[in-house]
$ cat target_4.cif   # mmCIF, C-alpha atoms
data_data
#
loop_
_atom_site.label_atom_id
_atom_site.label_comp_id
_atom_site.auth_asym_id
_atom_site.auth_seq_id
_atom_site.Cartn_x
_atom_site.Cartn_y
_atom_site.Cartn_z
CA MET L 113 -30.15 -17.83 41.46
CA LEU L 114 -27.73 -15.67 39.48
CA LEU L 115 -24.64 -14.02 40.94
CA ASP L 116 -26.30 -10.67 40.37
CA ASP L 117 -29.04 -11.70 42.84
CA LEU L 118 -26.70 -12.45 45.75
CA PRO L 119 -26.19 -10.17 48.75
CA THR L 120 -22.82 -8.48 48.56
CA PRO L 121 -19.98 -8.81 49.17
CA ALA L 122 -19.85 -12.52 48.33
CA PHE L 123 -17.06 -14.95 47.49
CA ILE L 124 -17.38 -16.70 44.14
CA VAL L 125 -15.64 -19.87 42.93
CA ASP L 126 -15.50 -21.06 39.33
CA ARG L 127 -15.54 -24.84 39.68
CA HIS L 128 -14.43 -25.40 36.09
CA ALA L 129 -11.35 -23.19 36.43
CA PHE L 130 -10.58 -24.84 39.78
CA GLN L 131 -10.65 -28.29 38.12
CA GLN L 132 -8.59 -27.14 35.15
CA ASN L 133 -5.96 -25.60 37.42
CA CYS L 134 -5.65 -28.85 39.37
CA ASN L 135 -5.21 -30.87 36.18
CA ALA L 136 -2.66 -28.39 34.82
CA ALA L 137 -0.55 -28.64 38.00
CA ARG L 138 -0.50 -32.44 37.84
CA ALA L 139 0.33 -32.43 34.12
CA ALA L 140 3.16 -29.91 34.58
CA ALA L 141 4.70 -31.91 37.42
CA THR L 142 4.73 -35.08 35.33
CA LYS L 143 6.16 -33.27 32.31
CA ASN L 144 8.97 -31.91 34.49
CA GLY L 145 9.89 -35.31 35.92
CA ILE L 146 8.12 -34.91 39.28
CA PRO L 147 5.69 -37.83 39.54
CA ARG L 148 4.07 -36.86 42.85
CA LEU L 149 1.90 -33.96 43.97
CA ARG L 150 0.97 -33.08 47.56
CA PRO L 151 -1.50 -30.18 47.34
CA HIS L 152 -1.91 -27.61 50.09
CA VAL L 153 -5.50 -27.00 51.25
CA LYS L 154 -4.93 -23.63 52.97
CA THR L 155 -6.23 -21.61 50.02
CA HIS L 156 -9.73 -23.08 49.75
CA LYS L 157 -10.17 -24.98 53.08
CA THR L 158 -13.11 -27.03 51.76
CA ILE L 159 -14.07 -30.70 51.46
CA GLU L 160 -15.19 -30.15 47.86
CA GLY L 161 -11.87 -28.54 46.96
CA CYS L 162 -9.90 -31.41 48.52
CA ILE L 163 -11.85 -33.96 46.49
CA ILE L 164 -11.13 -32.09 43.25
CA GLN L 165 -7.44 -31.72 44.18
CA ALA L 166 -7.27 -35.44 44.93
CA GLY L 167 -8.14 -36.25 41.32
CA ILE L 168 -9.74 -39.55 42.25
CA ASP L 169 -11.60 -39.77 38.93
CA SER L 170 -8.34 -39.53 36.99
CA ASP L 171 -6.26 -42.04 38.97
CA GLY L 172 -3.84 -43.93 36.78
CA GLU L 173 -3.58 -41.34 34.00
CA GLU L 174 0.10 -41.35 33.09
CA SER L 175 0.03 -37.69 32.01
CA LEU L 176 -1.01 -36.57 35.50
CA ALA L 177 1.18 -36.67 38.61
CA ASP L 178 0.03 -38.98 41.38
CA VAL L 179 -1.63 -37.06 44.23
CA ILE L 180 -0.08 -38.76 47.26
CA GLY L 181 -1.14 -36.61 50.22
CA PHE L 182 -2.02 -33.16 51.48
CA VAL L 183 -0.49 -30.25 53.39
CA VAL L 184 -2.53 -28.32 55.97
CA SER L 185 -1.79 -25.23 58.06
CA THR L 186 -4.43 -25.30 60.82
CA LEU L 187 -6.08 -27.84 63.10
CA PRO L 188 -9.52 -27.40 61.44
CA GLU L 189 -7.90 -28.08 58.05
CA LEU L 190 -6.24 -31.17 59.51
CA SER L 191 -9.54 -32.37 60.95
CA MET L 192 -11.20 -31.89 57.56
CA VAL L 193 -8.67 -34.06 55.72
CA VAL L 194 -8.68 -36.66 58.53
CA LYS L 195 -12.45 -36.98 58.16
CA LEU L 196 -12.01 -37.49 54.42
CA GLY L 197 -9.41 -40.15 55.18
CA CYS L 198 -11.82 -41.93 57.51
CA GLU L 199 -14.53 -41.76 54.85
CA TYR L 200 -12.54 -42.74 51.75
CA LYS L 201 -9.90 -44.93 53.47
CA ARG L 202 -7.47 -44.35 50.61
CA LYS L 203 -4.78 -41.99 49.41
CA PRO L 204 -4.32 -39.08 49.20
CA PHE L 205 -6.39 -38.49 52.32
CA LEU L 206 -4.27 -40.78 54.49
CA ASP L 207 -0.96 -38.89 54.31
CA ILE L 208 -1.00 -35.39 55.77
CA ILE L 209 1.74 -32.88 56.62
CA PHE L 210 0.91 -30.32 59.30
CA GLY L 211 2.77 -27.65 57.38
CA VAL L 212 3.81 -25.09 59.99
CA PRO L 213 6.54 -25.64 62.60
CA ILE L 214 5.05 -27.71 65.39
CA CYS L 215 4.30 -26.26 68.81
CA LYS L 216 3.69 -28.14 72.03
CA SER L 217 0.12 -26.91 72.54
CA LYS L 218 -1.11 -28.68 69.40
CA LEU L 219 0.31 -32.14 70.10
CA LEU L 220 -2.60 -33.58 72.06
CA THR L 221 -5.11 -32.57 69.37
CA ILE L 222 -2.93 -33.93 66.58
CA GLN L 223 -2.41 -37.19 68.47
CA SER L 224 -6.19 -37.52 68.88
CA MET L 225 -6.74 -36.96 65.16
CA LEU L 226 -4.00 -39.44 64.29
CA HIS L 227 -5.69 -42.05 66.50
CA GLU L 228 -9.02 -41.36 64.77
CA LEU L 229 -7.41 -41.79 61.36
CA THR L 230 -5.39 -44.93 62.09
CA SER L 231 -8.12 -46.69 64.05
CA THR L 232 -10.59 -46.17 61.20
CA THR L 233 -8.17 -47.21 58.46
CA HIS L 234 -6.49 -50.16 60.25
CA GLY L 235 -3.24 -48.26 60.78
CA GLU L 236 -2.89 -46.89 57.26
CA GLY L 237 -2.98 -43.16 57.99
CA CYS L 238 -0.13 -40.85 58.96
CA ILE L 239 0.17 -37.25 60.12
CA HIS L 240 3.63 -35.71 59.78
CA VAL L 241 4.80 -32.71 61.82
CA LEU L 242 7.25 -30.03 60.71
CA VAL L 243 10.43 -29.42 62.74
CA ASP L 244 13.07 -26.71 62.38
CA ASN L 245 14.39 -26.34 65.95
CA PRO L 246 16.03 -28.76 68.41
CA GLN L 247 13.60 -27.71 71.14
CA GLN L 248 10.77 -29.15 69.07
CA VAL L 249 12.50 -32.53 69.10
CA ASN L 250 12.79 -32.29 72.87
CA PHE L 251 9.12 -31.63 73.51
CA LEU L 252 8.02 -34.23 70.95
CA GLU L 253 10.12 -36.81 72.79
CA GLU L 254 8.83 -35.66 76.16
CA PHE L 255 5.23 -35.89 74.94
CA ALA L 256 5.78 -39.37 73.52
CA ARG L 257 7.31 -40.61 76.78
CA SER L 258 4.64 -39.08 79.00
CA ASN L 259 1.80 -40.44 76.88
CA ALA L 260 3.10 -44.01 76.55
CA SER L 261 0.59 -46.48 78.00
CA HIS L 262 3.36 -48.75 79.30
CA GLU L 263 7.14 -48.93 79.40
CA ASN L 264 7.53 -50.74 76.08
CA ASP L 265 5.02 -48.56 74.24
CA THR L 266 7.09 -46.36 71.91
CA GLN L 267 5.15 -43.66 70.08
CA ARG L 268 7.10 -42.32 67.12
CA TRP L 269 6.26 -38.97 65.56
CA SER L 270 6.73 -38.80 61.80
CA VAL L 271 8.77 -35.68 61.05
CA PHE L 272 9.59 -33.53 58.03
CA LEU L 273 12.64 -31.33 58.58
CA LYS L 274 11.94 -27.81 57.31
CA LEU L 275 14.92 -26.32 55.46
CA ASP L 276 15.40 -22.67 54.54
CA THR L 277 16.69 -22.58 50.96
CA GLY L 278 16.31 -18.85 50.39
CA TYR L 279 12.93 -17.57 51.55
CA HIS L 280 14.23 -16.85 55.08
CA ARG L 281 10.91 -17.33 56.81
CA ALA L 282 10.62 -20.71 58.53
CA GLY L 283 13.21 -23.47 58.28
CA ILE L 284 16.68 -24.24 59.55
CA PRO L 285 19.58 -23.43 57.20
CA PRO L 286 20.89 -26.49 55.28
CA SER L 287 24.22 -26.04 57.04
CA GLU L 288 25.91 -27.73 59.99
CA ALA L 289 22.98 -26.70 62.22
CA GLY L 290 20.53 -28.44 59.89
CA VAL L 291 22.69 -31.56 59.73
CA GLU L 292 22.89 -31.72 63.52
CA LEU L 293 19.12 -31.35 63.84
CA ALA L 294 18.49 -34.08 61.25
CA THR L 295 20.91 -36.35 63.13
CA LYS L 296 19.11 -35.62 66.39
CA ILE L 297 15.82 -36.69 64.79
CA ILE L 298 17.34 -39.85 63.29
CA ASN L 299 18.85 -40.86 66.62
CA SER L 300 15.61 -40.32 68.53
CA ALA L 301 13.67 -43.33 69.77
CA HIS L 302 10.46 -41.31 69.48
CA LEU L 303 10.83 -39.65 66.06
CA VAL L 304 11.15 -40.86 62.47
CA LEU L 305 12.67 -38.59 59.84
CA LYS L 306 10.18 -38.97 57.00
CA GLY L 307 11.43 -36.24 54.71
CA LEU L 308 12.68 -32.73 53.95
CA TYR L 309 10.38 -29.78 53.26
CA THR L 310 11.27 -26.52 51.52
CA HIS L 311 9.15 -23.60 50.31
CA CYS L 312 10.15 -21.24 47.50
CA GLY L 313 8.14 -18.37 48.97
CA HIS L 314 10.60 -15.83 47.58
CA SER L 315 9.35 -16.80 44.11
CA TYR L 316 6.29 -14.59 44.76
CA ASN L 317 8.53 -11.61 44.05
CA ILE L 318 9.89 -12.96 40.76
CA GLN L 319 8.41 -12.33 37.32
CA GLU L 320 11.18 -13.32 34.91
CA SER L 321 11.22 -17.03 34.03
CA LYS L 322 15.03 -17.12 34.01
CA ALA L 323 15.21 -15.82 37.58
CA MET L 324 12.41 -18.19 38.63
CA LYS L 325 14.33 -21.12 37.15
CA GLU L 326 17.46 -20.05 39.02
CA THR L 327 15.43 -20.05 42.24
CA THR L 328 14.17 -23.60 41.71
CA ASN L 329 17.63 -24.80 40.72
CA GLN L 330 19.09 -23.25 43.86
CA ASP L 331 16.42 -24.98 45.96
CA HIS L 332 17.23 -28.38 44.48
CA SER L 333 20.98 -27.87 44.66
CA MET L 334 20.83 -26.89 48.32
CA ILE L 335 18.73 -29.96 49.09
CA LEU L 336 21.22 -32.27 47.37
CA GLY L 337 24.11 -30.54 49.13
CA PHE L 338 22.35 -31.02 52.45
CA LEU L 339 21.74 -34.71 51.78
CA ASN L 340 25.41 -35.20 50.93
CA SER L 341 26.52 -33.37 54.08
CA LEU L 342 24.11 -35.39 56.20
CA SER L 343 25.33 -38.65 54.68
CA SER L 344 28.98 -37.77 55.35
CA HIS L 345 28.18 -36.69 58.91
CA LEU L 346 26.27 -39.88 59.73
CA GLU L 347 28.93 -42.14 58.25
CA SER L 348 31.82 -40.35 59.94
CA ASN L 349 30.09 -40.52 63.30
CA ASN L 350 29.36 -44.25 63.04
CA VAL L 351 25.64 -43.74 63.54
CA ASN L 352 23.96 -47.03 64.34
CA HIS L 353 21.65 -46.89 61.32
CA ASP L 354 21.66 -47.91 57.67
CA VAL L 355 22.54 -44.47 56.32
CA SER L 356 21.88 -45.31 52.69
CA SER L 357 18.47 -46.76 53.48
CA ILE L 358 17.46 -43.76 55.58
CA LEU L 359 18.43 -41.14 53.02
CA SER L 360 17.09 -42.98 49.98
CA SER L 361 13.68 -43.32 51.61
CA LEU L 362 13.24 -39.64 52.48
CA SER L 363 10.42 -37.76 50.78
CA ILE L 364 11.60 -34.41 49.38
CA SER L 365 8.72 -31.93 49.34
CA VAL L 366 9.36 -28.72 47.37
CA GLY L 367 7.67 -25.89 45.56
CA SER L 368 5.26 -22.98 45.57
CA THR L 369 2.60 -21.82 43.13
CA PRO L 370 4.78 -19.23 41.30
CA SER L 371 7.62 -21.74 40.85
CA MET L 372 5.34 -24.73 40.16
CA PHE L 373 5.84 -24.89 36.40
CA LEU L 374 9.63 -24.45 36.58
CA HIS L 375 10.47 -27.13 39.14
CA ASP L 376 11.94 -30.10 37.31
CA ASN L 377 13.91 -33.10 38.43
CA ALA L 378 16.97 -32.62 36.28
CA LEU L 379 19.13 -33.31 39.34
CA GLN L 380 17.36 -36.65 39.90
CA ILE L 381 16.32 -36.02 43.48
CA PRO L 382 14.74 -39.24 44.77
CA ASN L 383 11.14 -39.25 46.05
CA ILE L 384 10.55 -35.64 45.07
CA GLU L 385 7.06 -34.16 45.37
CA LEU L 386 5.52 -30.77 44.64
CA HIS L 387 3.30 -28.93 47.15
CA PRO L 388 1.56 -25.87 45.59
CA GLY L 389 -1.51 -24.31 47.21
CA ASN L 390 -2.70 -21.04 45.66
CA TYR L 391 -2.83 -22.64 42.18
CA VAL L 392 -6.43 -23.78 42.68
CA PHE L 393 -7.74 -20.19 42.75
CA TYR L 394 -4.89 -18.00 41.48
CA ASP L 395 -5.15 -14.20 41.89
CA ARG L 396 -3.59 -10.91 40.75
CA GLN L 397 -0.24 -11.84 42.31
CA GLN L 398 -0.07 -14.98 40.17
CA LEU L 399 -1.11 -13.08 37.04
CA TRP L 400 1.98 -10.95 37.68
CA THR L 401 4.37 -13.86 38.32
CA GLY L 402 3.11 -15.63 35.20
CA ALA L 403 2.00 -18.79 36.99
CA CYS L 404 -1.51 -17.80 35.95
CA SER L 405 -1.49 -17.06 32.23
CA SER L 406 -4.79 -15.16 31.96
CA GLU L 407 -7.96 -14.14 33.80
CA GLU L 408 -9.63 -17.25 32.35
CA SER L 409 -7.67 -19.34 34.87
CA ILE L 410 -8.76 -17.26 37.87
CA ALA L 411 -11.16 -19.37 39.93
CA ALA L 412 -11.97 -16.99 42.80
CA PHE L 413 -13.62 -13.59 42.87
CA VAL L 414 -15.36 -11.21 45.22
CA LEU L 415 -18.77 -10.05 44.03
CA ALA L 416 -19.41 -6.41 44.91
CA ARG L 417 -22.22 -3.91 44.32
CA VAL L 418 -21.93 -0.31 43.17
CA ILE L 419 -23.09 1.96 45.99
CA GLY L 420 -21.70 5.33 44.96
CA HIS L 421 -21.22 7.55 41.87
CA TYR L 422 -18.83 10.50 42.24
CA ASN L 423 -18.74 12.39 38.98
CA ASP L 424 -16.69 15.40 40.05
CA GLU L 425 -13.23 16.80 39.45
CA HIS L 426 -11.84 15.38 42.68
CA ARG L 427 -12.93 11.74 42.30
CA ASN L 428 -14.46 10.75 38.93
CA ALA L 429 -15.01 7.30 40.39
CA ILE L 430 -17.47 4.75 41.71
CA MET L 431 -17.64 3.10 45.13
CA VAL L 432 -18.38 -0.60 45.70
CA ASP L 433 -19.36 -2.37 48.92
CA ALA L 434 -16.36 -4.68 49.27
CA GLY L 435 -13.38 -3.38 51.18
CA ALA L 436 -10.57 -4.62 53.37
CA THR L 437 -12.85 -6.95 55.35
CA ALA L 438 -13.72 -8.79 52.10
CA LEU L 439 -10.46 -8.54 50.16
CA THR L 440 -7.81 -7.58 52.77
CA LYS L 441 -5.23 -4.91 52.05
CA GLU L 442 -2.65 -7.36 50.76
CA THR L 443 -0.53 -5.68 48.12
CA ALA L 444 0.42 -6.92 44.66
CA PRO L 445 3.52 -6.02 42.63
CA GLN L 446 1.47 -4.31 39.91
CA GLY L 447 -0.15 -1.98 42.45
CA GLY L 448 -3.81 -1.43 43.20
CA MET L 449 -6.07 -2.95 45.84
CA CYS L 450 -7.68 -5.52 43.48
CA SER L 451 -8.92 -5.46 39.88
CA VAL L 452 -12.23 -5.67 38.02
CA LEU L 453 -12.69 -8.86 36.00
CA GLY L 454 -12.56 -8.14 32.28
CA ARG L 455 -11.86 -4.42 32.70
CA PRO L 456 -8.15 -3.66 32.29
CA ASP L 457 -9.14 -0.02 31.71
CA LEU L 458 -10.17 0.39 35.36
CA GLU L 459 -8.17 0.54 38.57
CA CYS L 460 -9.14 -0.08 42.19
CA TYR L 461 -7.11 2.70 43.69
CA ARG L 462 -8.39 3.17 47.22
CA MET L 463 -9.81 0.90 49.92
CA SER L 464 -11.28 1.30 53.38
CA GLN L 465 -12.79 -1.22 55.76
CA GLU L 466 -16.03 -1.80 53.83
CA ILE L 467 -15.57 -0.03 50.48
CA THR L 468 -13.29 0.21 47.45
CA MET L 469 -13.02 3.12 45.02
CA ILE L 470 -12.68 2.42 41.28
CA ARG L 471 -11.67 4.85 38.54
CA SER L 472 -10.46 4.80 34.95
CA LYS L 473 -6.78 4.14 34.43
CA ASN L 474 -5.18 7.32 33.26
CA GLU L 475 -1.58 8.35 32.86
CA ASN L 476 -2.04 11.64 30.99
CA GLY L 477 -4.73 13.61 32.71
CA VAL L 478 -8.33 13.00 33.73
CA LYS L 479 -10.17 10.28 31.82
CA PRO L 480 -13.94 10.18 32.30
CA PHE L 481 -15.32 7.17 34.12
CA PRO L 482 -17.95 5.13 32.20
CA PHE L 483 -20.70 5.66 34.78
CA PRO L 484 -23.55 4.38 32.53
CA GLU L 485 -21.86 0.94 32.39
CA PHE L 486 -21.97 0.67 36.19
CA PRO L 487 -25.38 1.90 37.43
CA LEU L 488 -26.01 2.25 41.14
CA GLY L 489 -27.03 -1.15 42.49
CA SER L 490 -25.30 -3.10 39.71
CA THR L 491 -22.68 -5.76 40.51
CA LEU L 492 -19.18 -6.56 39.32
CA LEU L 493 -16.54 -9.18 40.01
CA LEU L 494 -13.25 -8.27 41.68
CA ILE L 495 -10.03 -10.28 41.43
CA PRO L 496 -8.25 -10.28 44.82
CA ASN L 497 -4.56 -9.53 45.11
CA HIS L 498 -4.25 -12.63 47.32
CA SER L 499 -7.08 -15.13 47.03
CA CYS L 500 -6.03 -17.18 50.08
CA LEU L 501 -6.58 -14.20 52.36
CA ALA L 502 -9.74 -13.00 50.63
CA ALA L 503 -11.31 -16.45 50.86
CA ALA L 504 -10.66 -16.50 54.61
CA CYS L 505 -12.94 -13.47 54.99
CA PHE L 506 -16.04 -15.49 54.06
CA GLU L 507 -18.08 -18.25 55.68
CA GLU L 508 -19.32 -19.70 52.37
CA TYR L 509 -18.40 -19.73 48.69
CA HIS L 510 -20.97 -19.46 45.91
CA VAL L 511 -19.95 -21.87 43.15
CA VAL L 512 -20.53 -21.39 39.42
CA ASP L 513 -19.27 -23.26 36.36
CA GLY L 514 -17.47 -21.28 33.68
CA LYS L 515 -17.03 -24.17 31.25
CA ALA L 516 -19.72 -23.21 28.72
CA ASN L 517 -19.60 -19.45 29.27
CA PRO L 518 -17.07 -17.19 31.00
CA VAL L 519 -17.94 -16.27 34.57
CA SER L 520 -20.04 -13.11 34.80
CA ILE L 521 -22.64 -11.54 37.05
CA ARG L 522 -25.21 -13.52 35.01
CA SER L 523 -23.65 -16.89 35.94
CA GLU L 524 -25.92 -19.28 37.80
CA VAL L 525 -25.07 -20.31 41.35
CA LEU L 526 -24.93 -24.13 41.36
CA GLU L 527 -23.95 -24.88 44.96
CA THR L 528 -22.21 -23.49 48.03
CA TRP L 529 -19.01 -24.67 49.70
CA LYS L 530 -18.37 -24.00 53.37
CA PRO L 531 -14.70 -23.61 54.32
CA VAL L 532 -13.39 -24.68 57.71
CA LYS L 533 -12.57 -21.65 59.82
CA TRP L 534 -10.13 -20.47 62.43
CA TRP L 535 -7.15 -22.25 63.91
#
$ encode --input "target_4.cif" --output "structure tokens"
Amino acid sequence: MLLDDLPTPAFIVDRHAFQQNCNAARAAATKNGIPRLRPHVKTHKTIEGCIIQAGIDSDGEESLADVIGFVVSTLPELSMVVKLGCEYKRKPFLDIIFGVPICKSKLLTIQSMLHELTSTTHGEGCIHVLVDNPQQVNFLEEFARSNASHENDTQRWSVFLKLDTGYHRAGIPPSEAGVELATKIINSAHLVLKGLYTHCGHSYNIQESKAMKETTNQDHSMILGFLNSLSSHLESNNVNHDVSSILSSLSISVGSTPSMFLHDNALQIPNIELHPGNYVFYDRQQLWTGACSSEESIAAFVLARVIGHYNDEHRNAIMVDAGATALTKETAPQGGMCSVLGRPDLECYRMSQEITMIRSKNENGVKPFPFPEFPLGSTLLLIPNHSCLAAACFEEYHVVDGKANPVSIRSEVLETWKPVKWW
């Protein structure tokens, strides 16, 4: 079956571009002195995507960063990676960060998945939770105590402390409050501080490489400053722990897709790892930031069909059958609702629930639309503004391979991937 034969709208994945993007991320990390990659699965949410991200076939290649684990955002994503861990019984499927701040209602499910993973792998697996508030420490401790099978049974949650280094979404500031929370975790009988986690989400609004580099440098500098403050605090308070051993063993998880190629380890942060997510698909946002250099690296599209011709003075446009329920109304810095693959002369200027309107780009008056190139019933490929959100609109992905020939409506569908859904 060809893409042109599919019902529309449909979500399309270029497996070759997906693979190339994964290899490029690993190569860039190694080149920049970051030997470890921990990919996020939230963009694709598929078993097949995880296996490609894991890079099992290229283990040991010195030019590629070692994939040491995964980040997930939902319980179905966590279950997916846990099942892969139980099947493969090897890294990177055995080391998973639940990458949103933990809430009490999810603990029982996570504990059950952790038991499934460790019992199948003879204790090798680990699920880490994200903490950025003292109350989270309290309910983790309470849960561990109430679920102990006997008095001497001490469950210990593995914790990454989420720091806010400039994005101002989740995370505790790397100030005195952050130091006190880290100390609270270290002193807990039921928690283990495994690492620090930051996210350069503000990099999505940066296009200039100099400003992007300043953002990554600030992230690393704030992490080092926090580690120094934490060390001084622990030593001055005579904490009953080997401070040097604790801090030197912490994993430092950083990054985002826009900043991925400009994170380096010039400051020699120990145990640093990179955790990009959108890089597997890319989208219009990443074309703007420069993380994605060209449309050839885009690995995700929405196939749409032309359902309307409006050749009049008011519109001079076509209508396609993919709207907000297939692409979302996520914005992009360059404007527009999405774009047409290979057609920089067109703009997707208007979107409703089930349709998008497309016209010729025109800055100096009315430019005729090339209606004969887009007959009624014909298909085209749209590049989403945000591929993570567009992908979540679909229950299956139709997979093609753009290695021999660029992806087009004449590409052959080779397989389907089914993403995990919901929360």
$ axis_aligned_box --input "target_4.cif" --around "region 399-413 of chain L" --padding-each-side "5 Å" --output "AutoDock Vina command-line options"
--center_x -4.6 --center_y -15.2 --center_z 37.4 --size_x 28.0 --size_y 18.4 --size_z 20.9
$ residues_around --input "target_4.cif" --residues "region 410-418 of chain L" --least-positions-apart "4" --cutoff "6 Å" --atoms "only C-alpha atoms" --output "list of chain:residue names"
L:Thr120, L:Pro121, L:Ala122, L:Phe123, L:Ile124, L:Val125, L:Asp126, L:Ala129, L:Phe130, L:Phe393, L:Tyr394, L:Met431, L:Val432, L:Asp433, L:Ala434, L:Leu488, L:Gly489, L:Ser490, L:Thr491, L:Leu492, L:Leu493, L:Leu494, L:Ile495
$ closest_residue --input "target_4.cif" --among "L:Lys203, L:His227, L:Arg268, L:Lys322" --to "Thr401 (chain L)" --atoms "only C-alpha atoms"
L:Lys322
$ residues_around --input "target_4.cif" --residues "Gln267 (chain L)" --least-positions-apart "2" --cutoff "8 Å" --atoms "all atoms listed in the file" --output "VMD selection string"
chain L and resid 256 to 257 260 265 269 302
$ write_last_selection --input "target_4.cif" --atoms "C-alpha atoms" --output "compact mmCIF listing (two decimals), in the coordinates of the input"
# COMPACT_ATOMS: atom_id res chain seq x y z
CA ALA L 256 5.78 -39.37 73.52
CA ARG L 257 7.31 -40.61 76.78
CA ALA L 260 3.10 -44.01 76.55
CA ASP L 265 5.02 -48.56 74.24
CA TRP L 269 6.26 -38.97 65.56
CA HIS L 302 10.46 -41.31 69.48
$ closest_residue --input "target_4.cif" --among "L:Leu187, L:Tyr309, L:His280, L:Lys515" --to "Lys533 (chain L)" --atoms "all atoms listed in the file"
L:Leu187
$ closest_atom_pairs --input "target_4.cif" --of "region 368-472 of chain L" --to "region 331-344 of chain L" --cutoff "10 Å" --atoms "only C-alpha atoms" --output "tab-separated table"
residue	atom	partner	partner_atom	distance
L:His375	CA	L:His332	CA	8.7
L:Asp376	CA	L:His332	CA	9.1
L:Asn377	CA	L:His332	CA	8.4
L:Ala378	CA	L:His332	CA	9.2
L:Leu379	CA	L:His332	CA	7.4
L:Gln380	CA	L:His332	CA	9.5
L:Ile381	CA	L:Leu336	CA	7.3
L:Pro382	CA	L:Leu336	CA	9.9
L:Ile384	CA	L:His332	CA	9.9
$ write_last_selection --input "target_4.cif" --atoms "C-alpha atoms" --output "short mmCIF file (atom, residue, chain, number, x, y, z; two decimals), keeping the file's coordinate frame"
data_model
loop_
_atom_site.label_atom_id
_atom_site.label_comp_id
_atom_site.auth_asym_id
_atom_site.auth_seq_id
_atom_site.Cartn_x
_atom_site.Cartn_y
_atom_site.Cartn_z
CA HIS L 375 10.47 -27.13 39.14
CA ASP L 376 11.94 -30.10 37.31
CA ASN L 377 13.91 -33.10 38.43
CA ALA L 378 16.97 -32.62 36.28
CA LEU L 379 19.13 -33.31 39.34
CA GLN L 380 17.36 -36.65 39.90
CA ILE L 381 16.32 -36.02 43.48
CA PRO L 382 14.74 -39.24 44.77
CA ILE L 384 10.55 -35.64 45.07
#
$ residues_around --input "target_4.cif" --residues "Ile364 (chain L)" --least-positions-apart "5" --cutoff "6 Å" --atoms "all atoms listed in the file" --output "mmCIF file with C-alpha atoms, in the coordinates of the input"
data_model
loop_
_atom_site.group_PDB
_atom_site.id
_atom_site.type_symbol
_atom_site.label_atom_id
_atom_site.label_comp_id
_atom_site.auth_asym_id
_atom_site.auth_seq_id
_atom_site.Cartn_x
_atom_site.Cartn_y
_atom_site.Cartn_z
ATOM 1 C CA GLY L 307 11.430 -36.240 54.710
ATOM 2 C CA LEU L 308 12.680 -32.730 53.950
ATOM 3 C CA ASN L 383 11.140 -39.250 46.050
ATOM 4 C CA ILE L 384 10.550 -35.640 45.070
#
$ atom_distance --input "target_4.cif" --atom1 "CA of Glu527 (chain L)" --atom2 "CA of Ile164 (chain L)"
14.8 Å
$ atom_distance --input "target_4.cif" --atom1 "CA of Leu305 (chain L)" --atom2 "CA of Leu206 (chain L)"
17.9 Å
$ residues_around --input "target_4.cif" --residues "Phe251 (chain L)" --least-positions-apart "5" --cutoff "10 Å" --atoms "only C-alpha atoms" --output "number ranges by chain"
L: 214-216, 219, 246, 256-257
$ atom_distance --input "target_4.cif" --atom1 "CA of Ile358 (chain L)" --atom2 "CA of Glu292 (chain L)"
15.4 Å
$ resolve_selection --input "target_4.cif" --expression "the PyMOL selection byres ((chain L and resi 526) around 10)" --output "PDB file with C-alpha atoms, in the coordinates of the input"
ATOM      1  CA  MET L 113     -30.150 -17.830  41.460  1.00  0.00           C
ATOM      2  CA  LEU L 114     -27.730 -15.670  39.480  1.00  0.00           C
ATOM      3  CA  ARG L 127     -15.540 -24.840  39.680  1.00  0.00           C
ATOM      4  CA  HIS L 510     -20.970 -19.460  45.910  1.00  0.00           C
ATOM      5  CA  VAL L 511     -19.950 -21.870  43.150  1.00  0.00           C
ATOM      6  CA  VAL L 512     -20.530 -21.390  39.420  1.00  0.00           C
ATOM      7  CA  ASP L 513     -19.270 -23.260  36.360  1.00  0.00           C
ATOM      8  CA  SER L 523     -23.650 -16.890  35.940  1.00  0.00           C
ATOM      9  CA  GLU L 524     -25.920 -19.280  37.800  1.00  0.00           C
ATOM     10  CA  VAL L 525     -25.070 -20.310  41.350  1.00  0.00           C
ATOM     11  CA  GLU L 527     -23.950 -24.880  44.960  1.00  0.00           C
ATOM     12  CA  THR L 528     -22.210 -23.490  48.030  1.00  0.00           C
TER      13      THR L 528
END
$ closest_atom_pairs --input "target_4.cif" --of "region 158-260 of chain L" --to "region 135-142 of chain L" --cutoff "10 Å" --atoms "all atoms listed in the file" --output "JSON lines"
{"residue": "L:Ile164", "atom": "CA", "partner": "L:Asn135", "partner_atom": "CA", "distance": 9.3}
{"residue": "L:Gln165", "atom": "CA", "partner": "L:Asn135", "partner_atom": "CA", "distance": 8.3}
{"residue": "L:Gly167", "atom": "CA", "partner": "L:Asn135", "partner_atom": "CA", "distance": 8.0}
{"residue": "L:Ser170", "atom": "CA", "partner": "L:Asn135", "partner_atom": "CA", "distance": 9.2}
{"residue": "L:Glu173", "atom": "CA", "partner": "L:Ala139", "partner_atom": "CA", "distance": 9.7}
{"residue": "L:Glu174", "atom": "CA", "partner": "L:Thr142", "partner_atom": "CA", "distance": 8.1}
{"residue": "L:Ser175", "atom": "CA", "partner": "L:Ala139", "partner_atom": "CA", "distance": 5.7}
{"residue": "L:Leu176", "atom": "CA", "partner": "L:Ala139", "partner_atom": "CA", "distance": 4.6}
{"residue": "L:Ala177", "atom": "CA", "partner": "L:Arg138", "partner_atom": "CA", "distance": 4.6}
{"residue": "L:Asp178", "atom": "CA", "partner": "L:Arg138", "partner_atom": "CA", "distance": 7.5}
{"residue": "L:Val179", "atom": "CA", "partner": "L:Arg138", "partner_atom": "CA", "distance": 8.0}
